[in-house]
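*Asks:* input-v3.tsv is reproduced below (TSV, C-alpha atoms (C1' of nucleotides)).
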chain	number	residue	atom	x	y	z
A	1	MET	CA	64.03	128.91	123.60
A	2	GLU	CA	60.84	128.36	121.67
A	3	LYS	CA	60.65	125.22	119.65
A	4	ARG	CA	60.01	127.28	116.55
A	5	ASP	CA	63.44	128.82	117.01
A	6	LYS	CA	65.07	125.55	118.01
A	7	ILE	CA	64.01	124.20	114.64
A	8	LEU	CA	65.45	127.20	112.86
A	9	TYR	CA	68.83	127.03	114.56
A	10	ALA	CA	69.07	123.28	114.18
A	11	ALA	CA	68.31	123.61	110.48
A	12	LEU	CA	70.78	126.45	110.08
A	13	GLU	CA	73.54	124.39	111.62
A	14	LEU	CA	72.74	121.24	109.68
A	15	PHE	CA	72.24	123.01	106.36
A	16	ALA	CA	75.51	124.85	106.88
A	17	THR	CA	77.52	121.76	107.74
A	18	GLU	CA	75.92	119.17	105.47
A	19	GLY	CA	74.00	121.08	102.81
A	20	TYR	CA	70.34	121.65	102.12
A	21	ASN	CA	69.62	118.53	100.08
A	22	ALA	CA	71.67	116.27	102.30
A	23	VAL	CA	69.62	117.04	105.41
A	24	SER	CA	66.17	115.52	105.92
A	25	THR	CA	63.39	117.07	107.94
A	26	ASN	CA	63.54	113.97	110.10
A	27	LYS	CA	67.16	114.73	110.93
A	28	ILE	CA	66.36	118.34	111.71
A	29	ALA	CA	63.55	117.28	114.02
A	30	LYS	CA	65.77	114.89	115.95
A	31	TYR	CA	68.60	117.42	116.19
A	32	ALA	CA	66.18	120.01	117.52
A	33	ASN	CA	64.44	117.54	119.84
A	34	VAL	CA	61.14	118.22	118.23
A	35	SER	CA	58.53	116.22	116.38
A	36	GLU	CA	58.91	116.22	112.63
A	37	GLY	CA	55.36	117.42	112.05
A	38	LEU	CA	56.08	120.62	113.93
A	39	ILE	CA	58.48	121.74	111.25
A	40	PHE	CA	55.67	121.77	108.73
A	41	ARG	CA	53.24	123.48	111.09
A	42	HIS	CA	55.64	126.35	111.57
A	43	TYR	CA	57.33	126.60	108.20
A	44	LYS	CA	54.89	124.96	105.80
A	45	ASN	CA	57.60	122.95	104.07
A	46	LYS	CA	61.34	122.41	103.93
A	47	GLN	CA	61.82	125.25	101.45
A	48	GLY	CA	59.89	127.55	103.76
A	49	LEU	CA	62.29	126.70	106.54
A	50	LEU	CA	65.23	127.60	104.33
A	51	ASP	CA	63.54	130.85	103.34
A	52	ALA	CA	63.11	131.79	107.00
A	53	ILE	CA	66.81	131.17	107.61
A	54	LEU	CA	67.77	133.16	104.53
A	55	GLU	CA	65.63	136.07	105.61
A	56	GLN	CA	67.52	136.24	108.89
A	57	ALA	CA	70.79	135.91	107.04
A	58	PHE	CA	69.86	138.78	104.75
A	59	GLU	CA	69.34	141.04	107.76
A	60	LYS	CA	72.70	140.07	109.21
A	61	VAL	CA	74.46	140.80	105.95
A	62	THR	CA	72.72	144.14	105.65
A	63	VAL	CA	73.85	145.17	109.11
A	64	LEU	CA	77.36	143.93	108.45
A	65	TYR	CA	77.79	146.02	105.32
A	66	ALA	CA	75.93	149.05	106.63
A	67	HIS	CA	79.03	150.48	108.32
A	68	ILE	CA	80.95	150.35	105.09
A	69	LEU	CA	78.17	151.72	102.92
A	70	MET	CA	77.78	154.70	105.23
A	71	GLU	CA	81.48	155.44	105.44
A	72	GLN	CA	82.61	158.51	103.49
A	73	ASP	CA	86.37	158.33	103.82
A	74	PRO	CA	87.73	156.24	100.91
A	75	LYS	CA	90.67	154.91	102.89
A	76	GLU	CA	88.39	153.88	105.70
A	77	ILE	CA	86.15	152.09	103.24
A	78	LEU	CA	89.01	149.94	102.03
A	79	ARG	CA	90.28	149.33	105.54
A	80	LYS	CA	86.88	148.23	106.80
A	81	ALA	CA	86.30	146.06	103.75
A	82	ILE	CA	89.62	144.27	104.18
A	83	VAL	CA	89.17	143.77	107.88
A	84	LEU	CA	85.59	142.56	107.57
A	85	PRO	CA	86.13	138.84	106.89
A	86	PHE	CA	88.60	138.61	109.77
A	87	GLU	CA	86.14	139.95	112.28
A	88	VAL	CA	83.27	137.60	111.71
A	89	ASP	CA	81.99	136.48	115.06
A	90	GLU	CA	82.18	132.75	115.58
A	91	SER	CA	78.50	132.73	116.49
A	92	GLU	CA	77.71	133.80	112.92
A	93	TYR	CA	80.00	131.23	111.42
A	94	HIS	CA	77.08	129.02	110.36
A	95	PHE	CA	75.35	131.85	108.57
A	96	TRP	CA	78.44	132.53	106.51
A	97	LYS	CA	79.11	128.94	105.72
A	98	LEU	CA	75.52	128.53	104.56
A	99	GLN	CA	75.91	131.51	102.25
A	100	PHE	CA	78.85	129.89	100.51
A	101	LYS	CA	77.23	126.48	100.42
A	102	LEU	CA	73.97	127.74	98.93
A	103	LYS	CA	75.76	129.92	96.44
A	104	TRP	CA	76.95	126.72	94.81
A	105	GLU	CA	74.49	124.05	95.89
A	106	LEU	CA	71.34	125.95	95.00
A	107	GLU	CA	72.92	128.70	92.92
A	108	ILE	CA	71.57	131.41	95.18
A	109	SER	CA	74.01	134.08	94.17
A	110	GLY	CA	73.51	136.84	96.67
A	111	ARG	CA	75.19	139.01	94.07
A	112	GLU	CA	72.44	141.63	94.13
A	113	LYS	CA	73.07	142.17	97.82
A	114	MET	CA	76.79	142.48	97.21
A	115	GLN	CA	76.58	144.99	94.38
A	116	PRO	CA	76.24	148.14	96.53
A	117	PHE	CA	79.32	146.98	98.42
A	118	ILE	CA	81.33	146.51	95.24
A	119	ASP	CA	80.12	149.87	93.94
A	120	LYS	CA	81.30	151.49	97.13
A	121	LEU	CA	84.71	149.90	96.73
A	122	GLU	CA	84.87	151.22	93.18
A	123	TRP	CA	84.00	154.68	94.38
A	124	ALA	CA	86.71	154.52	97.03
A	125	PHE	CA	89.33	153.45	94.50
A	126	GLN	CA	88.27	156.27	92.21
A	127	GLU	CA	88.61	158.81	95.00
A	128	LEU	CA	92.06	157.48	95.78
A	129	GLY	CA	93.14	158.07	92.19
A	130	TYR	CA	93.36	154.45	91.03
A	131	GLN	CA	93.29	154.25	87.24
A	132	GLU	CA	91.00	151.25	86.90
A	133	ALA	CA	88.71	151.60	89.87
A	134	LYS	CA	86.12	149.12	88.66
A	135	ASN	CA	88.63	146.34	88.06
A	136	GLU	CA	90.35	147.09	91.35
A	137	ALA	CA	87.04	146.75	93.12
A	138	GLU	CA	86.15	143.47	91.43
A	139	LEU	CA	89.59	142.08	92.16
A	140	LEU	CA	89.55	143.04	95.82
A	141	ASN	CA	86.07	141.62	96.17
A	142	HIS	CA	87.20	138.31	94.68
A	143	ALA	CA	90.16	138.22	97.03
A	144	LEU	CA	88.02	138.99	100.07
A	145	GLU	CA	85.49	136.33	99.15
A	146	GLY	CA	88.33	133.87	98.76
A	147	ILE	CA	89.65	134.83	102.17
A	148	ALA	CA	86.22	134.50	103.76
A	149	GLY	CA	85.85	131.08	102.17
A	150	GLY	CA	89.29	130.12	103.38
A	151	ILE	CA	88.48	131.13	106.93
A	152	ILE	CA	85.32	129.05	106.85
A	153	LYS	CA	86.89	125.98	105.30
A	154	GLN	CA	90.37	125.97	106.77
A	155	GLY	CA	90.12	128.20	109.78
A	156	PHE	CA	91.00	131.75	110.72
A	157	GLU	CA	94.71	131.13	111.20
A	158	THR	CA	95.33	130.09	107.62
A	159	GLN	CA	94.14	133.42	106.27
A	160	GLU	CA	95.25	135.72	109.05
A	161	PRO	CA	98.59	136.72	107.45
A	162	LEU	CA	96.68	138.14	104.50
A	163	LYS	CA	95.03	140.75	106.68
A	164	SER	CA	98.03	142.94	107.42
A	165	PHE	CA	99.42	142.13	104.01
A	166	LEU	CA	96.36	143.58	102.30
A	167	LEU	CA	96.23	146.59	104.59
A	168	LYS	CA	99.82	147.34	103.69
A	169	LYS	CA	99.31	146.66	99.99
A	170	TYR	CA	96.43	149.12	99.75
A	171	ASN	CA	98.12	151.48	102.17
A	172	VAL	CA	95.18	151.80	104.55
V	173	MET	CA	79.41	106.12	72.67
V	174	GLU	CA	79.26	103.25	75.12
V	175	LYS	CA	76.47	103.34	77.63
V	176	ARG	CA	79.00	103.23	80.42
V	177	ASP	CA	80.32	106.56	79.21
V	178	LYS	CA	76.87	107.97	78.49
V	179	ILE	CA	76.08	107.43	82.15
V	180	LEU	CA	79.25	109.18	83.20
V	181	TYR	CA	78.69	112.25	81.06
V	182	ALA	CA	75.03	112.47	81.97
V	183	ALA	CA	75.94	112.30	85.64
V	184	LEU	CA	78.70	114.86	85.21
V	185	GLU	CA	76.34	117.32	83.61
V	186	LEU	CA	73.54	116.77	86.12
V	187	PHE	CA	75.81	116.83	89.17
V	188	ALA	CA	77.42	120.01	87.87
V	189	THR	CA	74.15	121.81	87.22
V	190	GLU	CA	72.01	120.52	90.08
V	191	GLY	CA	74.38	119.09	92.64
V	192	TYR	CA	75.19	115.60	93.81
V	193	ASN	CA	72.46	115.15	96.39
V	194	ALA	CA	69.79	116.78	94.27
V	195	VAL	CA	70.15	114.30	91.42
V	196	SER	CA	68.72	110.79	91.70
V	197	THR	CA	70.05	107.75	89.90
V	198	ASN	CA	66.65	107.54	88.24
V	199	LYS	CA	67.15	110.99	86.76
V	200	ILE	CA	70.63	110.13	85.56
V	201	ALA	CA	69.37	106.97	83.88
V	202	LYS	CA	66.62	108.82	82.04
V	203	TYR	CA	68.96	111.61	80.99
V	204	ALA	CA	71.44	109.05	79.65
V	205	ASN	CA	68.71	106.94	78.04
V	206	VAL	CA	69.75	103.93	80.01
V	207	SER	CA	68.15	101.62	82.52
V	208	GLU	CA	68.72	102.59	86.11
V	209	GLY	CA	70.13	99.19	87.03
V	210	LEU	CA	72.98	99.66	84.60
V	211	ILE	CA	74.39	102.47	86.67
V	212	PHE	CA	74.93	100.09	89.55
V	213	ARG	CA	76.32	97.34	87.34
V	214	HIS	CA	79.00	99.69	86.08
V	215	TYR	CA	79.71	101.88	89.05
V	216	LYS	CA	78.55	99.81	92.03
V	217	ASN	CA	76.69	102.72	93.60
V	218	LYS	CA	76.04	106.43	93.28
V	219	GLN	CA	79.18	107.34	95.17
V	220	GLY	CA	81.20	105.12	92.84
V	221	LEU	CA	79.84	107.05	89.91
V	222	LEU	CA	80.95	110.29	91.48
V	223	ASP	CA	84.37	108.82	92.18
V	224	ALA	CA	84.77	107.84	88.54
V	225	ILE	CA	83.90	111.39	87.47
V	226	LEU	CA	86.29	112.85	90.02
V	227	GLU	CA	89.10	110.61	88.82
V	228	GLN	CA	88.67	111.96	85.31
V	229	ALA	CA	88.51	115.46	86.66
V	230	PHE	CA	91.73	114.92	88.56
V	231	GLU	CA	93.51	113.97	85.36
V	232	LYS	CA	92.19	117.05	83.57
V	233	VAL	CA	93.36	119.33	86.36
V	234	THR	CA	96.77	117.68	86.38
V	235	VAL	CA	97.21	118.26	82.66
V	236	LEU	CA	95.96	121.82	82.96
V	237	TYR	CA	98.48	122.75	85.62
V	238	ALA	CA	101.33	120.73	84.15
V	239	HIS	CA	102.36	123.54	81.79
V	240	ILE	CA	102.67	125.95	84.65
V	241	LEU	CA	104.47	123.57	86.99
V	242	MET	CA	107.08	122.85	84.33
V	243	GLU	CA	107.63	126.49	83.42
V	244	GLN	CA	110.92	127.95	84.65
V	245	ASP	CA	110.56	131.61	83.76
V	246	PRO	CA	108.88	133.38	86.71
V	247	LYS	CA	107.16	135.96	84.53
V	248	GLU	CA	105.79	133.24	82.32
V	249	ILE	CA	104.48	131.39	85.36
V	250	LEU	CA	102.46	134.39	86.45
V	251	ARG	CA	101.26	135.07	82.92
V	252	LYS	CA	100.10	131.52	82.40
V	253	ALA	CA	98.45	131.39	85.80
V	254	ILE	CA	96.51	134.58	85.16
V	255	VAL	CA	95.45	133.54	81.70
V	256	LEU	CA	94.43	130.05	82.76
V	257	PRO	CA	90.84	130.64	83.91
V	258	PHE	CA	90.09	132.62	80.77
V	259	GLU	CA	91.10	129.79	78.50
V	260	VAL	CA	88.97	127.04	79.89
V	261	ASP	CA	87.38	125.23	76.99
V	262	GLU	CA	83.62	125.29	77.07
V	263	SER	CA	83.59	121.52	76.76
V	264	GLU	CA	85.23	121.32	80.18
V	265	TYR	CA	82.86	123.80	81.69
V	266	HIS	CA	80.95	121.07	83.54
V	267	PHE	CA	84.09	119.66	85.11
V	268	TRP	CA	84.97	123.03	86.51
V	269	LYS	CA	81.52	123.78	87.77
V	270	LEU	CA	81.43	120.42	89.51
V	271	GLN	CA	84.71	121.20	91.24
V	272	PHE	CA	83.28	124.36	92.74
V	273	LYS	CA	79.99	122.71	93.62
V	274	LEU	CA	81.59	119.76	95.37
V	275	LYS	CA	84.05	121.96	97.18
V	276	TRP	CA	81.11	123.35	99.09
V	277	GLU	CA	78.39	120.72	98.84
V	278	LEU	CA	80.53	117.77	99.90
V	279	GLU	CA	83.51	119.69	101.25
V	280	ILE	CA	85.89	118.04	98.82
V	281	SER	CA	88.58	120.63	99.02
V	282	GLY	CA	90.93	119.77	96.18
V	283	ARG	CA	93.41	121.87	98.11
V	284	GLU	CA	96.11	119.20	98.05
V	285	LYS	CA	96.04	119.23	94.27
V	286	MET	CA	96.31	123.02	94.24
V	287	GLN	CA	99.22	123.27	96.63
V	288	PRO	CA	102.01	122.63	94.08
V	289	PHE	CA	100.45	125.36	91.94
V	290	ILE	CA	100.40	127.83	94.81
V	291	ASP	CA	103.97	126.89	95.72
V	292	LYS	CA	105.02	127.57	92.17
V	293	LEU	CA	103.38	130.98	92.29
V	294	GLU	CA	105.23	131.71	95.51
V	295	TRP	CA	108.51	130.72	93.92
V	296	ALA	CA	107.83	132.98	90.93
V	297	PHE	CA	107.08	135.95	93.17
V	298	GLN	CA	110.24	135.31	95.11
V	299	GLU	CA	112.30	135.23	91.92
V	300	LEU	CA	110.75	138.49	90.84
V	301	GLY	CA	111.82	140.13	94.08
V	302	TYR	CA	108.44	140.50	95.76
V	303	GLN	CA	108.82	141.02	99.50
V	304	GLU	CA	106.01	138.77	100.66
V	305	ALA	CA	105.99	136.05	98.07
V	306	LYS	CA	103.83	133.66	100.05
V	307	ASN	CA	101.09	136.19	100.68
V	308	GLU	CA	101.26	137.38	97.10
V	309	ALA	CA	100.77	133.81	95.93
V	310	GLU	CA	97.83	133.17	98.25
V	311	LEU	CA	96.21	136.41	97.23
V	312	LEU	CA	96.59	135.82	93.51
V	313	ASN	CA	95.26	132.31	93.94
V	314	HIS	CA	92.18	133.62	95.75
V	315	ALA	CA	91.62	136.16	93.01
V	316	LEU	CA	91.99	133.58	90.25
V	317	GLU	CA	89.61	131.20	91.97
V	318	GLY	CA	87.13	134.04	92.31
V	319	ILE	CA	87.50	134.80	88.63
V	320	ALA	CA	87.05	131.16	87.66
V	321	GLY	CA	83.94	131.01	89.81
V	322	GLY	CA	82.66	134.22	88.25
V	323	ILE	CA	83.14	132.83	84.77
V	324	ILE	CA	81.21	129.71	85.67
V	325	LYS	CA	78.37	131.47	87.43
V	326	GLN	CA	78.00	134.66	85.44
V	327	GLY	CA	79.74	133.98	82.18
V	328	PHE	CA	83.08	134.74	80.58
V	329	GLU	CA	82.25	138.32	79.61
V	330	THR	CA	81.74	139.48	83.18
V	331	GLN	CA	85.28	138.56	84.16
V	332	GLU	CA	87.09	139.24	80.91
V	333	PRO	CA	88.19	142.81	81.78
V	334	LEU	CA	90.13	141.41	84.72
V	335	LYS	CA	92.43	139.48	82.45
V	336	SER	CA	94.37	142.34	80.90
V	337	PHE	CA	94.02	144.25	84.14
V	338	LEU	CA	95.84	141.52	86.04
V	339	LEU	CA	98.48	141.07	83.35
V	340	LYS	CA	99.20	144.77	83.56
V	341	LYS	CA	99.12	144.83	87.34
V	342	TYR	CA	101.70	142.07	87.63
V	343	ASN	CA	103.61	143.40	84.63
V	344	VAL	CA	103.65	140.10	82.72
S	345	DG	C1'	76.14	94.40	78.48
S	346	DT	C1'	71.62	95.68	79.12
S	347	DC	C1'	66.82	95.67	80.66
S	348	DT	C1'	62.68	94.87	83.75
S	349	DA	C1'	60.90	94.21	88.07
S	350	DT	C1'	61.03	94.89	92.61
S	351	DA	C1'	62.67	95.03	97.41
S	352	DG	C1'	63.48	97.84	101.49
S	353	DG	C1'	63.95	101.93	103.39
S	354	DA	C1'	63.90	107.06	103.64
S	355	DT	C1'	61.61	111.33	102.54
S	356	DG	C1'	58.47	115.27	102.54
S	357	DA	C1'	54.15	116.22	104.01
S	358	DT	C1'	49.25	115.70	106.22
S	359	DA	C1'	45.52	114.49	109.65
S	360	DG	C1'	43.85	114.23	113.98
S	361	DA	C1'	44.32	113.98	119.03
S	362	DC	C1'	45.80	116.50	123.07
C	363	DG	C1'	51.68	124.67	120.13
C	364	DT	C1'	53.00	120.07	120.04
C	365	DC	C1'	52.95	115.08	119.30
C	366	DT	C1'	51.87	110.49	117.12
C	367	DA	C1'	50.54	107.97	113.37
C	368	DT	C1'	50.34	107.51	108.76
C	369	DC	C1'	50.59	108.17	103.52
C	370	DA	C1'	52.23	108.46	98.91
C	371	DT	C1'	56.21	109.05	96.68
C	372	DC	C1'	60.82	108.64	95.68
C	373	DC	C1'	65.37	106.71	96.45
C	374	DT	C1'	69.31	103.46	96.21
C	375	DA	C1'	70.33	99.06	95.25
C	376	DT	C1'	69.69	94.01	93.91
C	377	DA	C1'	68.00	89.82	91.30
C	378	DG	C1'	67.11	87.52	87.40
C	379	DA	C1'	66.02	87.23	82.45
C	380	DC	C1'	67.71	88.13	77.81
Rewrite the structure from the file as structure tokens, please.

*Replies:*
Amino acid sequence: MEKRDKILYAALELFATEGYNAVSTNKIAKYANVSEGLIFRHYKNKQGLLDAILEQAFEKVTVLYAHILMEQDPKEILRKAIVLPFEVDESEYHFWKLQFKLKWELEISGREKMQPFIDKLEWAFQELGYQEAKNEAELLNHALEGIAGGIIKQGFETQEPLKSFLLKKYNV
Amino acid sequence: MEKRDKILYAALELFATEGYNAVSTNKIAKYANVSEGLIFRHYKNKQGLLDAILEQAFEKVTVLYAHILMEQDPKEILRKAIVLPFEVDESEYHFWKLQFKLKWELEISGREKMQPFIDKLEWAFQELGYQEAKNEAELLNHALEGIAGGIIKQGFETQEPLKSFLLKKYNV
DNA sequence: GTCTATAGGATGATAGAC
DNA sequence: GTCTATCATCCTATAGAC
């Protein structure tokens, strides 16, 4: 692997586990087995390194939601949405954890990227004849974010029972 | 107000808005109009200052949940639980925001303190004849945490519609 | 209780050699 | 592309005077 990428993955892992402000460029360099100066050659500054990571993360999120956004069957939309947090690959664990961390540490909301997903949920609920589709969508989104957070913080097993429970509850 | 307390409130506000690692003791001192050395006289070190804030926060949370934990009517338990995030006083806004921030920035879960609350929810659902009381409780808790987070990050108004929606949904 | 001064180390970032 | 050496700044924490 190129050193440029080693830096990026080291930073991703450290940012995700310890937080952006808690991790020094020195620490990243050592973790990546690279000289500290190289970080700045490749990414200009620490913020630039974070931006590069976030750009990759944005692509991953886009791909992840693409299946749902393209789906036309309302029941399938709900099913895929519910199942989504339970099927996160362990290799992308750090990306997810970083999302949650940054949402609070640096107040990077990521809400704009979520909105089409929530809108799609609303549409699905509407199609299925729910009275308050918008509220249903917001509520389910909250629940799913909570589940995703729970998986990240306390492990998959703790949240697993909620999967079939939700599928049953929404009858999908 | 005593300077000891001025330090504490300044730190609370800064930690809540910018995060623990992002705020220096120098910044806290200036914000509190106090010499930097005084922080260490009173709180030993930066971590000690955070601990003092967290201790206060723990008391606030305890009081907040006490009403619900003492309640014996299952419907009332659900009603109070749902209404709770919408009735946070603005003066305690910073405490709440700090809770969410630290949960992710420093991985201070606060889960232990929540458990009796979740257990009480489970009990209420059981009393009301719900089939999967435990899952219902976990789900509602996720939703309420999401709502609380939404209020903090995007304002009360954005989440307000969910209040009556939830009350209706759970028929309380 | 409070302030000033300062130590000692870490931090982000740059320059220059290879 | 990569490393070493280095800088200016900032950070936490302490000492000593008032």

*Asks:* Considering all atoms listed in the file, return as a PyMOL selection string whatever protein or nucleic-acid residues lie within 12 Å of C:DT366, sequence-local ones (same chain, fewer than 5 positions apart) excluded.

*Replies:* (chain A and resi 35-38) or (chain S and resi 359-362)

*Asks:* Could you tell me how far atom CA of V:Tyr181 lies from atom CA of V:Ile324, in Å and to one decimal?

*Replies:* 18.2 Å

*Asks:* Only residues of chain V matter here; which ones have an atom within 9 Å of chain C, counting only C-alpha atoms (C1' of nucleotides)? Give them as a PyMOL selection string.

*Replies:* chain V and resi 196-198+209+212+216-218

*Asks:* Within 8 Å of chain A, which residues of chain V are there when counting all atoms listed in the file? Please give them as a count of residues only.

*Replies:* 20

*Asks:* Could you jot down the atom CA of A:Trp123 to atom CA of A:Thr62 separation for me, Å, one decimal place?

*Replies:*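 Separation between atom CA of A:Trp123 and atom CA of A:Thr62: 19.1 Å.
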
*Asks:* Quick one: pull the distance between atom CA of V:Gln271 and atom CA of V:Phe230, Å, one decimal.

*Replies:*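 Distance reported for this atom pair: 9.8 Å.
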
*Asks:* Taking all atoms listed in the file into account, which residues of chain S are within 8 Å of chain A, as a list in words?

*Replies:*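 For chain S, the answer reads DT355, DG356 and DA357 of chain S.
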
*Asks:* Edge lengths and centre in Å to one decimal, as JSON, is what I'm after for the box along x, y and z that holds all listed atoms of stretch 370-374 of chain C once 4 Å is added on each side.

*Replies:*
{"center_x": 60.8, "center_y": 106.3, "center_z": 97.3, "size_x": 25.1, "size_y": 13.6, "size_z": 11.2}

*Asks:* Counting only C-alpha atoms (C1' of nucleotides), which residues come within 12 Å of (98.9, 153.6, 100.9), with the point read in the file's coordinates, and could you list them as number ranges by chain?

*Replies:* A: 74-76, 78-79, 125, 128-130, 165-172

*Asks:* I want to know what sits within 10 Å of A:Arg4, based on all atoms listed in the file, with residues of the same chain fewer than 4 positions away left out; could you give that as a PyMOL selection string?

*Replies:* (chain A and resi 8-9+32+34+38-39+41-43) or (chain C and resi 363)
